[in-house]
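Here is the structure we will look at.
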Amino acid sequence: MSARPPKAPPISPFPGLEIRADEVVWPGRFPVQRVRFTYERFDGGRSPELTWELWRRGAGVAMLPFDPWADRVALIEQFRLPVHAAGLPPIHTECVAGLLEAGEDPQEAALRETQEEAGLAPDRVEKIGQYMLMQGGCDELMHLHCGRARLPEPETVKNHGLQHEGEDIRLLIMPTARAMAMLDANEIRNATCAMSLFWLRHHHARLRDEWTR
């Protein structure tokens with residue numbers, strides 16, 4: 001019998017949760033588990049037996065680079081096949097993001113991804129929060145950050161990404177006001193990016209004050 005993938009450990013105990021079956025049905029890079037279970041309802045009764053497929057991606061990180069001196073942000077664009085499958089334009093505007101390596105600190109991972117995908121090295125970082133992306137079927141927990149960086153002029157930017165991973169990433173440098181206008185017009189359809197920009201809107205004045213001293 002092959003070993004269970006590290007990313008697909010058995011479901012951990014929780015009060016009221018009864019696991020009746022737990023199997024890995026796809027052992028690939030992002031494993032899929034099929035779990036049969038019941039749980040204790042809010043009224044104290046038992047739920048019916050449920051069978052769910054669980055996609056195990058693990059934890060992820062994202063970074064929104066912000067230049068408080070020039071009042072600009074850095075976003076990225078890349079081709080996303082799932083976005084195309086959803087019926088949206090596949091060139092997707094988003095934040096720098098990636099997956100955590102085993103045992104890696106989320107902030108360090110976010111800084112690594114920012115260098116790989118945008119060629120930027122923020123010197124100050126503030127945590128935005130932790131958010132589930134697909135709680136109905138995937139365990140991916142995103143750690144969001146905002147980082148201070150002096151951003152280059154838009155006309156000087158280059159494409160980025162790791163060639164061995166097939167990445168082709170276009171860096172977008174724009175005024176913060178432009179990013180907020182895109183957010184309001186629903187031109188930002190990436191949940192991680194939208195949450196980060198909403199956070200920046202709320203903390204914009206404070207960061208421009210604290211990060212330019």
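Naming works like this for the structure tokens: A, B, ... for the chains as they're shown, residue 1 at the start of each chain, ligands 1 onward in shown order.
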
Next item on the list: Give the strand (DSSP E or B) residues of stretch 6-205 of chain A, as assigned by DSSP on the backbone, as number ranges by chain.
Entry: A: 18-26, 32-38, 40, 46, 50-55, 59-67, 72-79, 91-94, 96-99, 124-132, 138, 141-148, 159-160, 169-175

Check: What lies within 6 Å of stretch 139-143 of chain A using only C-alpha atoms, ignoring chain neighbours under 5 positions off, as a ChimeraX atom specification?
Finding: /A:56-61,129-132

Residues of the last selection are to be written out with C-alpha atoms, as a tab-separated table (two decimals), in the first residue's frame.
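What ended up in out.tsv:
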```
chain	number	residue	atom	x	y	z
A	56	ARG	CA	-6.16	19.39	0.12
A	57	ARG	CA	-4.15	22.41	-1.03
A	58	GLY	CA	-2.85	23.49	2.37
A	59	ALA	CA	-2.07	27.04	3.44
A	60	GLY	CA	-1.33	29.90	1.05
A	61	VAL	CA	0.01	33.44	1.27
A	129	GLY	CA	-5.64	38.37	8.25
A	130	GLN	CA	-6.40	34.71	7.53
A	131	TYR	CA	-9.29	33.71	5.28
A	132	MET	CA	-10.75	30.52	3.83
```

Next item on the list: Give the helix (DSSP H, G or I) residues of stretch 15-146 of chain A, as assigned by DSSP on the backbone, as a list in words.
Entry: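 Selecting the helix (DSSP H, G or I) positions of stretch 15-146 of chain A gives Leu81, Pro82, Val83, His84, Ala85, Pro106, Gln107, Glu108, Ala109, Ala110, Leu111, Arg112, Glu113, Thr114, Gln115, Glu116, Glu117 and Ala118 of chain A.
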
For stretch 78-95 of chain A: contacts at 8 Å, only C-alpha atoms, fewer than 6 positions along chain excluded, given as a CSV table (one decimal) with C-alpha atoms, in the first residue's frame:
```csv
chain,number,residue,atom,x,y,z
A,62,ALA,CA,-0.5,36.7,-0.6
A,63,MET,CA,1.1,40.1,-0.6
A,64,LEU,CA,-0.1,43.5,-1.6
A,167,GLU,CA,4.9,31.1,-14.9
A,168,ASP,CA,4.5,34.1,-17.1
A,169,ILE,CA,3.6,37.0,-14.8
A,170,ARG,CA,3.0,40.6,-15.8
A,188,ILE,CA,-11.0,42.8,-9.6
A,189,ARG,CA,-12.6,39.4,-9.5
A,190,ASN,CA,-10.0,37.6,-7.4
A,192,THR,CA,-7.7,37.5,-2.2
A,193,CYS,CA,-6.9,40.7,-4.2
```

Check: With only C-alpha atoms as the atoms that count, which of A:His202, A:Arg41, A:His160, A:Arg148 lies nearest to A:Arg72?
Finding: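 The answer is A:Arg148, which sits nearest to A:Arg72.
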
What are the closest atom pairs, with distances in Å to one decimal, for all residues of stretch 8-85 of chain A lying within 12 Å of stretch 121-124 of chain A? Consider only C-alpha atoms, order rows by chain and residue number, and present the result as a Markdown table.
```
| residue | atom | partner | partner_atom | distance |
| --- | --- | --- | --- | --- |
| A:Met63 | CA | A:Pro122 | CA | 9.4 |
| A:Leu64 | CA | A:Pro122 | CA | 9.7 |
| A:Pro65 | CA | A:Pro122 | CA | 7.0 |
| A:Phe66 | CA | A:Pro122 | CA | 8.6 |
| A:Asp67 | CA | A:Pro122 | CA | 9.4 |
| A:Pro68 | CA | A:Arg124 | CA | 11.3 |
| A:Val73 | CA | A:Pro122 | CA | 11.9 |
| A:Ala74 | CA | A:Pro122 | CA | 11.3 |
```

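Interatomic distance, atom CA of A:Leu99 against atom CA of A:Arg150: 24.8 Å.
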
Notebook entry, point to check: So what do you get for atom CA of A:Ala179 versus atom CA of A:Leu75, distance-wise?
Noted result: 8.7 Å

Item checked: Residue with smallest distance to A:Leu171 - pool A:Ala110, A:Leu50, A:Ala191, A:Ala118, counting only C-alpha atoms ->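 Result for the nearest residue to A:Leu171: A:Ala118.
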
Item checked: Atomic distance atom CA of A:Arg208 - atom CA of A:Glu104, expressed in Å with one decimal -> 29.6 Å
